[in-house]
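Student: query_34.txt is reproduced below (compact mmCIF, C-alpha atoms and all ligand atoms).
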# COMPACT_ATOMS: atom_id res chain seq x y z
CA MET A 26 59.73 85.52 -27.96
CA LYS A 27 58.54 83.20 -25.22
CA ASN A 28 56.01 80.34 -25.43
CA HIS A 29 52.92 80.24 -23.21
CA ILE A 30 50.43 77.35 -23.18
CA ILE A 31 47.11 77.79 -21.41
CA PHE A 32 45.21 74.69 -20.38
CA PHE A 33 41.85 75.70 -21.71
CA SER A 34 38.98 73.70 -20.26
CA GLY A 35 35.78 75.45 -21.29
CA GLY A 36 35.46 76.90 -17.80
CA LYS A 37 35.40 80.59 -16.97
CA ALA A 38 38.61 80.46 -14.93
CA SER A 39 40.74 79.27 -17.82
CA PHE A 40 39.31 82.06 -19.96
CA THR A 41 40.33 84.59 -17.32
CA VAL A 42 43.82 83.12 -17.30
CA ALA A 43 44.02 83.37 -21.09
CA HIS A 44 43.00 87.02 -20.92
CA HIS A 45 45.62 87.65 -18.22
CA VAL A 46 48.43 86.05 -20.27
CA LYS A 47 47.40 87.92 -23.43
CA GLU A 48 47.45 91.24 -21.55
CA ARG A 49 50.84 90.57 -20.00
CA PHE A 50 52.61 89.12 -23.01
CA PRO A 51 50.93 90.52 -26.14
CA ASN A 52 53.94 89.88 -28.35
CA ASP A 53 54.72 86.33 -27.24
CA ASN A 54 53.63 83.01 -28.71
CA ILE A 55 50.44 82.06 -26.82
CA LEU A 56 48.47 78.87 -27.36
CA LEU A 57 45.12 77.75 -25.93
CA TYR A 58 45.24 73.99 -25.45
CA PHE A 59 42.02 72.01 -25.07
CA THR A 60 41.86 68.27 -24.47
CA ASP A 61 38.41 67.10 -25.46
CA THR A 62 36.64 64.26 -23.62
CA GLN A 63 34.12 64.25 -26.50
CA TRP A 64 31.35 64.04 -23.90
CA GLU A 65 30.94 67.78 -23.59
CA ASP A 66 28.00 70.12 -23.87
CA ASP A 67 27.52 71.69 -27.33
CA ASP A 68 27.60 75.09 -25.67
CA LEU A 69 31.12 74.41 -24.38
CA TYR A 70 32.32 74.35 -27.99
CA ARG A 71 30.44 77.58 -28.73
CA PHE A 72 32.22 79.13 -25.74
CA ILE A 73 35.76 77.98 -26.50
CA TYR A 74 35.55 78.88 -30.21
CA GLN A 75 34.16 82.34 -29.49
CA ALA A 76 36.74 82.75 -26.73
CA ALA A 77 39.63 81.88 -29.05
CA ASP A 78 38.28 84.22 -31.74
CA ARG A 79 37.72 87.16 -29.40
CA LEU A 80 41.06 86.71 -27.68
CA GLU A 81 42.57 86.42 -31.18
CA LEU A 82 44.57 83.40 -30.10
CA PRO A 83 45.24 80.02 -31.71
CA MET A 84 43.63 76.98 -30.12
CA LEU A 85 44.77 73.39 -30.41
CA THR A 86 42.34 70.58 -29.56
CA HIS A 87 43.46 67.02 -28.89
CA ALA A 88 41.32 63.95 -28.20
CA THR A 89 41.89 60.23 -27.97
CA GLY A 90 38.68 59.41 -29.86
CA LEU A 91 37.02 57.91 -26.78
CA ASN A 92 34.59 59.56 -24.38
CA PRO A 93 34.33 58.54 -20.68
CA LEU A 94 31.42 56.17 -21.34
CA GLU A 95 33.24 54.41 -24.18
CA LEU A 96 36.35 54.22 -22.02
CA MET A 97 34.37 52.56 -19.20
CA PHE A 98 32.97 50.08 -21.70
CA GLU A 99 36.43 49.30 -23.12
CA LYS A 100 37.88 48.83 -19.63
CA LYS A 101 34.81 47.01 -18.33
CA LEU A 102 34.81 49.20 -15.28
CA VAL A 103 32.21 51.54 -13.77
CA PHE A 104 33.98 54.77 -12.85
CA ASN A 105 33.00 56.87 -9.84
CA SER A 106 34.55 59.14 -7.24
CA ARG A 107 36.71 56.29 -5.94
CA ILE A 108 37.87 54.59 -9.08
CA GLY A 109 38.35 55.49 -12.71
CA ASP A 110 40.79 57.35 -14.84
CA CYS A 111 38.77 59.18 -17.49
CA SER A 112 40.28 62.55 -16.67
CA LYS A 113 43.73 61.01 -16.45
CA LEU A 114 43.55 59.12 -19.75
CA LEU A 115 41.41 61.50 -21.79
CA LYS A 116 42.97 64.74 -20.61
CA MET A 117 46.16 64.60 -18.57
CA LYS A 118 47.91 61.76 -20.38
CA VAL A 119 46.99 63.18 -23.78
CA ALA A 120 48.56 66.50 -22.79
CA ALA A 121 51.62 64.93 -21.18
CA ASP A 122 52.27 62.64 -24.14
CA PHE A 123 52.12 65.59 -26.48
CA LEU A 124 53.95 68.24 -24.51
CA LYS A 125 56.61 66.00 -22.96
CA ARG A 126 57.07 63.37 -25.65
CA GLY A 127 55.77 64.94 -28.85
CA LYS A 128 53.22 62.15 -29.25
CA LYS A 129 49.95 63.21 -30.87
CA PRO A 130 46.64 61.51 -30.12
CA LEU A 131 44.25 60.26 -32.77
CA ILE A 132 42.37 63.53 -33.12
CA GLU A 133 43.92 66.95 -33.63
CA LYS A 134 42.10 70.14 -34.59
CA TRP A 135 43.24 73.72 -34.92
CA ARG A 136 41.36 76.97 -34.73
CA ASN A 137 42.99 80.27 -35.70
CA LYS A 138 46.24 78.46 -36.45
CA GLU A 139 47.36 81.44 -38.51
CA ARG A 140 47.62 83.36 -35.22
CA LEU A 141 50.38 81.09 -33.93
CA LYS A 142 53.51 83.24 -33.90
CA SER A 143 55.91 80.30 -34.07
CA ASP A 144 55.41 76.61 -34.84
CA ASP A 145 57.94 75.82 -32.14
CA PHE A 146 55.38 76.48 -29.38
CA ILE A 147 56.41 73.82 -26.83
CA GLN A 148 60.09 74.54 -26.30
CA GLY A 149 60.59 76.31 -22.96
CA ALA A 150 56.88 77.02 -22.64
CA THR A 151 55.25 78.18 -19.43
CA LEU A 152 52.09 76.22 -18.67
CA TYR A 153 49.08 77.99 -17.16
CA PHE A 154 46.27 76.47 -15.08
CA GLY A 155 43.02 78.16 -14.08
CA ILE A 156 42.90 77.01 -10.50
CA GLY A 157 42.09 79.46 -7.72
CA PHE A 158 43.09 79.87 -4.08
CA ASP A 159 40.45 77.30 -3.03
CA GLU A 160 42.53 74.64 -4.80
CA MET A 161 45.97 75.91 -3.88
CA HIS A 162 46.66 72.69 -1.92
CA ARG A 163 47.15 71.05 -5.33
CA GLU A 164 49.77 73.51 -6.47
CA LYS A 165 52.83 71.51 -5.40
CA ALA A 166 51.67 68.30 -7.07
CA ILE A 167 50.83 70.07 -10.30
CA ARG A 168 54.22 71.75 -10.47
CA LYS A 169 55.93 68.43 -9.79
CA ASN A 170 53.93 66.60 -12.43
CA TRP A 171 54.73 69.12 -15.13
CA ARG A 172 58.47 69.32 -14.60
CA PRO A 173 60.55 70.46 -16.45
CA PHE A 174 58.01 73.05 -17.60
CA ASP A 175 57.48 76.24 -15.65
CA VAL A 176 53.96 76.33 -14.27
CA GLU A 177 51.88 79.40 -13.43
CA MET A 178 48.52 79.59 -11.64
CA PRO A 179 47.77 83.31 -11.65
CA LEU A 180 44.37 82.99 -9.98
CA ILE A 181 45.86 81.67 -6.75
CA ASN A 182 47.33 85.05 -5.86
CA GLU A 183 44.97 87.34 -7.66
CA TYR A 184 41.21 87.39 -7.26
CA VAL A 185 39.51 88.23 -10.54
CA GLU A 186 35.80 88.48 -11.18
CA HIS A 187 35.40 86.16 -14.18
CA ASN A 188 32.14 87.75 -15.29
CA GLU A 189 33.83 91.13 -15.65
CA VAL A 190 36.46 89.59 -17.90
CA LEU A 191 33.80 87.87 -19.99
CA ALA A 192 31.93 91.16 -20.31
CA LYS A 193 35.03 92.85 -21.75
CA TYR A 194 34.87 90.41 -24.63
CA ASN A 195 31.09 90.43 -24.86
CA LEU A 196 31.25 86.70 -24.26
CA ARG A 197 28.32 84.76 -22.84
CA GLN A 198 29.26 82.32 -20.09
CA PRO A 199 28.76 78.59 -20.81
CA ARG A 200 25.12 77.68 -20.23
CA LEU A 201 25.99 75.11 -17.53
CA TYR A 202 26.81 77.98 -15.15
CA ASP A 203 23.35 79.46 -15.81
CA MET A 204 22.01 76.04 -14.85
CA HIS A 205 23.82 76.21 -11.47
CA PHE A 206 26.51 73.64 -12.25
CA THR A 207 29.80 74.38 -10.53
CA HIS A 208 31.87 73.47 -13.57
CA ASN A 209 31.49 73.04 -17.30
CA ASN A 210 32.74 69.46 -17.61
CA CYS A 211 31.18 66.53 -19.45
CA MET A 212 27.81 68.27 -19.84
CA GLY A 213 27.04 67.99 -16.13
CA ARG A 214 27.34 64.20 -16.22
CA CYS A 215 30.62 63.79 -14.35
CA VAL A 216 30.52 60.29 -12.92
CA LYS A 217 32.72 61.45 -10.03
CA ALA A 218 30.31 64.15 -8.96
CA GLY A 219 28.32 64.24 -5.75
CA GLN A 220 24.71 64.25 -4.60
CA ALA A 221 24.03 67.95 -5.03
CA HIS A 222 25.43 67.80 -8.52
CA PHE A 223 23.23 64.88 -9.59
CA LYS A 224 20.20 66.50 -8.01
CA ASN A 225 20.87 69.57 -10.12
CA LEU A 226 21.36 67.42 -13.23
CA LYS A 227 17.95 65.86 -12.71
CA GLU A 228 16.32 69.26 -12.23
CA GLN A 229 18.05 70.99 -15.12
CA MET A 230 18.33 68.17 -17.65
CA PRO A 231 15.87 65.43 -16.69
CA ASP A 232 16.29 63.57 -19.98
CA GLU A 233 20.07 63.46 -19.62
CA PHE A 234 19.71 62.25 -16.03
CA LYS A 235 17.39 59.48 -17.21
CA LYS A 236 19.80 58.53 -19.98
CA LEU A 237 22.71 58.42 -17.53
CA LEU A 238 20.70 56.25 -15.17
CA LYS A 239 20.18 53.73 -17.98
CA GLN A 240 23.81 53.89 -19.01
CA GLU A 241 24.86 53.14 -15.44
CA HIS A 242 22.48 50.18 -15.35
CA HIS A 243 23.71 48.68 -18.64
CA LEU A 244 27.34 49.23 -17.68
CA LYS A 245 26.75 47.34 -14.45
CA VAL A 246 25.23 44.36 -16.25
CA CYS A 247 27.94 44.40 -18.90
CA VAL A 248 30.78 44.60 -16.37
CA ASP A 249 29.30 41.90 -14.16
CA SER A 250 28.79 39.61 -17.13
CA TYR A 251 32.44 39.98 -18.04
CA ARG A 252 33.50 39.30 -14.49
CA TYR A 253 31.32 36.22 -14.36
CA ILE A 254 32.87 34.79 -17.54
CA LYS A 255 36.32 35.56 -16.15
CA ALA A 256 35.50 33.80 -12.88
CA ILE A 257 34.52 30.47 -14.44
CA PRO A 258 37.28 28.01 -13.47
CA ASP A 259 39.53 26.82 -16.31
CA ASN A 260 38.36 23.21 -15.88
CA GLU A 261 34.78 24.26 -16.65
CA ILE A 262 35.37 26.23 -19.82
CA CYS A 263 37.92 26.18 -22.63
CA GLU A 264 39.64 29.38 -23.70
CA SER A 265 37.89 29.57 -27.07
CA GLU A 266 34.50 29.32 -25.36
CA ARG A 267 35.49 32.04 -22.91
CA GLU A 268 36.64 34.28 -25.77
CA TYR A 269 33.40 33.56 -27.60
CA LEU A 270 31.36 34.67 -24.58
CA TYR A 271 33.43 37.82 -24.14
CA GLN A 272 32.74 38.59 -27.78
CA GLU A 273 29.00 38.01 -27.30
CA ILE A 274 28.92 40.56 -24.49
CA ASP A 275 30.94 43.00 -26.52
CA ASP A 276 28.64 42.64 -29.52
CA ALA A 277 25.55 43.13 -27.38
CA TYR A 278 26.74 46.43 -25.89
CA ARG A 279 29.22 48.06 -28.25
CA ASP A 280 26.76 49.96 -30.45
CA TYR A 281 24.83 51.16 -27.42
CA PHE A 282 27.83 52.56 -25.58
CA TYR A 283 29.19 54.11 -28.75
CA GLY A 284 25.88 55.95 -29.23
CA ARG A 285 24.88 54.07 -32.38
CA MET A 286 21.83 52.39 -30.78
CA ASP A 287 19.32 53.52 -28.16
CA LYS A 288 19.53 50.29 -26.22
CA PRO A 289 21.79 47.22 -26.13
CA LYS A 290 21.03 44.27 -28.37
CA MET A 291 19.03 41.47 -26.80
CA TYR A 292 21.28 39.91 -24.22
CA ILE A 293 20.75 37.38 -21.45
CA PRO A 294 23.18 38.02 -18.61
CA PRO A 295 24.98 34.88 -17.45
CA ALA A 296 23.18 35.12 -14.09
CA ALA A 297 20.17 33.56 -15.76
CA THR A 298 22.08 30.43 -16.70
CA ALA A 299 25.07 30.41 -14.38
CA SER A 300 25.77 27.78 -11.79
CA PRO A 301 25.40 29.50 -8.38
CA GLU A 302 28.97 28.89 -7.18
CA ASN A 303 30.33 30.96 -10.08
CA VAL A 304 28.02 33.87 -9.56
CA LYS A 305 29.66 36.57 -7.50
CA PHE A 306 27.79 39.59 -8.73
CA THR A 307 28.63 43.01 -7.43
CA THR A 308 26.71 46.24 -7.62
CA TYR A 309 28.51 49.18 -9.15
CA SER A 310 27.57 52.80 -9.32
CA PHE A 311 28.61 56.21 -10.46
CA MET A 312 28.90 58.71 -7.58
CA LYS A 313 30.32 56.29 -5.05
CA LYS A 314 30.34 58.80 -2.20
CA SER A 315 29.58 57.80 1.30
CA ILE A 316 25.98 58.57 2.14
CA LYS A 317 25.05 58.70 5.79
CA GLY A 318 23.39 55.51 6.94
CA ILE A 319 23.13 54.05 3.46
CA PRO A 320 25.35 51.21 2.34
CA LYS A 321 27.57 51.85 -0.65
CA PRO A 322 27.50 51.63 -3.59
CA TYR A 323 24.47 53.69 -4.29
CA PRO A 324 23.27 53.51 -7.90
CA LEU A 325 21.58 56.49 -9.50
CA SER A 326 18.31 54.56 -9.68
CA ARG A 327 18.27 54.30 -5.87
CA PHE A 328 19.43 57.86 -5.50
CA ASP A 329 16.53 58.91 -7.71
CA LYS A 330 13.94 56.83 -5.89
CA GLU A 331 15.07 57.20 -2.29
CA LEU A 332 17.19 60.25 -1.71
CA LEU A 333 15.56 62.67 -4.06
CA GLU A 334 12.21 61.69 -2.59
CA ASP A 335 13.42 62.29 0.94
CA GLU A 336 15.72 65.28 0.65
CA LYS A 337 16.40 65.44 4.38
CA GLN A 338 19.16 62.91 3.90
CA LEU A 339 20.69 64.67 0.95
CA ASP A 340 24.03 66.45 1.24
CA ILE A 341 23.23 69.65 -0.60
CA PHE A 342 26.85 70.82 -0.49
CA ASP A 343 28.27 67.68 -2.06
CA PHE A 344 28.99 68.86 -5.61
CA GLY A 345 32.27 67.00 -6.11
CA GLY A 346 33.29 66.18 -9.63
CA CYS A 347 36.36 66.10 -11.72
CA GLY A 348 39.29 68.39 -11.22
CA CYS A 349 40.53 67.04 -14.54
CA PHE A 350 43.88 68.81 -14.90
CA VAL A 351 44.34 69.31 -11.21
CA GLU A 352 43.35 65.90 -9.95
CA TYR A 353 46.55 63.93 -10.02
CA GLU A 354 48.53 63.83 -6.85
CA GLN A 355 50.85 61.05 -7.91
CA ASP A 356 53.29 61.00 -10.76
CA SER A 357 50.63 59.32 -12.81
CA ILE A 358 51.34 60.98 -16.12
CA ASN A 359 55.11 60.85 -16.20
S1 LIG A 401 34.41 65.49 -15.84
FE1 LIG A 401 34.13 63.57 -14.72
S2 LIG A 401 33.39 62.15 -16.28
FE2 LIG A 401 34.33 63.88 -17.34
S3 LIG A 401 36.48 63.27 -17.68
FE3 LIG A 401 36.42 64.43 -15.77
S4 LIG A 401 36.17 62.80 -14.19
FE4 LIG A 401 35.61 61.88 -16.13
Turn this file's structure into structure tokens for me.
Tutor:
Amino acid sequence: MKNHIIFFSGGKASFTVAHHVKERFPNDNILLYFTDTQWEDDDLYRFIYQAADRLELPMLTHATGLNPLELMFEKKLVFNSRIGDCSKLLKMKVAADFLKRGKKPLIEKWRNKERLKSDDFIQGATLYFGIGFDEMHREKAIRKNWRPFDVEMPLINEYVEHNEVLAKYNLRQPRLYDMHFTHNNCMGRCVKAGQAHFKNLKEQMPDEFKKLLKQEHHLKVCVDSYRYIKAIPDNEICESEREYLYQEIDDAYRDYFYGRMDKPKMYIPPAATASPENVKFTTYSFMKKSIKGIPKPYPLSRFDKELLEDEKQLDIFDFGGCGCFVEYEQDSIN
């Protein structure tokens, strides 16, 4: 009996791949493997649980315990299309640590575990990815990154209509597809996404867009405050004072970024009191794509006020976003 592990993302393609593997190898040991960013849409969980039940397959979920926003806060970095490793740390590394080194993350959950045909499900397993021919340029890098496992990407060579497969199982697609999102990641809030994606987020989920706009703003202030404290020369501040100030910033923002408060605690950014030579503030933003004629970075607040008002400048084909399991080109997880 052979082992098969399907990287299950909550997207339709990975469901199609799971169906394909089940049809081809009904008597083998098949596992759906989901790495959870914990920033997902509730309907994603409805979809993956129903999918696992209807496929009659076991599903293992792993998570670090941090979501992308919490990770940005911990790293004091604003992620966007040019910088940031949420998909790497919350998905790829979690999977690589487990499958290659047997290291489990903080959170582990099983569904339908009784359907696992053997507990030894990693040894010699073939790994499956739901990428299609439009992403086949990533194939080589993925295979290299997952050595020594065998890797299969059945959708590269075979076109399958995902909706037909879903219909076979009487399974409703994740609601984000109904809302015209191109993928079902991070509830449409992928900080690496593009202009068309954020436009759609505002139209489909205006409250979430507004919330994200505020989160971006508070992250910027928090990160800049940290950088300011770090930039004060050693002869102007002692280490205990510096640590104290770091702690003050942390205390002001922690509950907000961890979703325990609606806004940060009262906090005066150092800009208000800083001596000018130490102030080298930078502007950060999610969605750091180049926008014709507009200097980068381009915060969501400006995007909202300027670009969405004057749609002529908008790139309506710029969806972008996270490839999550297919993003790494370097040996970043080994
Ligand atoms: S979907 Fe975007 S925000 Fe979510 S983990 Fe992937 S890169 Fe990060």
Student: Using Å and a single decimal, report how far atom CA of Ala277 of chain A sits from atom CA of Cys263 of chain A.
Tutor: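 That distance, rounded to one decimal, is 21.5 Å.
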Student: Quote the spacing between atom CA of Asn54 of chain A and atom CA of Leu191 of chain A in Å to one decimal place.
Tutor: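 Separation between atom CA of Asn54 of chain A and atom CA of Leu191 of chain A: 22.2 Å.
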Student: Ranking A:Tyr309, A:Tyr58, A:Tyr194, A:Phe206 by minimum distance to Leu226 of chain A and counting only C-alpha atoms, which one comes first?
Tutor: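 For Leu226 of chain A, the nearest of the given residues is A:Phe206.
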Student: Could you name the residues that touch segment 71-80 of chain A at 8 Å or less, counting all atoms listed in the file, but leaving out those on the same chain fewer than 5 positions away, as a PyMOL selection string?
Tutor: chain A and resi 35+40+43-44+47+57+136-137+194+196-199
Student: Show me a table, sorted first by chain and then by increasing residue number, of the residues of segment 65-119 of chain A having an atom at most 7 Å from segment 240-254 of chain A, each with its shortest atom pair and the distance in Å to one decimal, counting only C-alpha atoms and written as a tab-separated table.
Tutor:
residue	atom	partner	partner_atom	distance
A:Phe98	CA	A:Leu244	CA	7.0
A:Lys101	CA	A:Val248	CA	5.1
A:Leu102	CA	A:Val248	CA	6.2
A:Val103	CA	A:Leu244	CA	6.7
Student: Just to confirm, what's the straight-line distance from atom CA of Thr62 of chain A to atom CA of Glu99 of chain A in Å (one decimal)?
Tutor: 15.0 Å
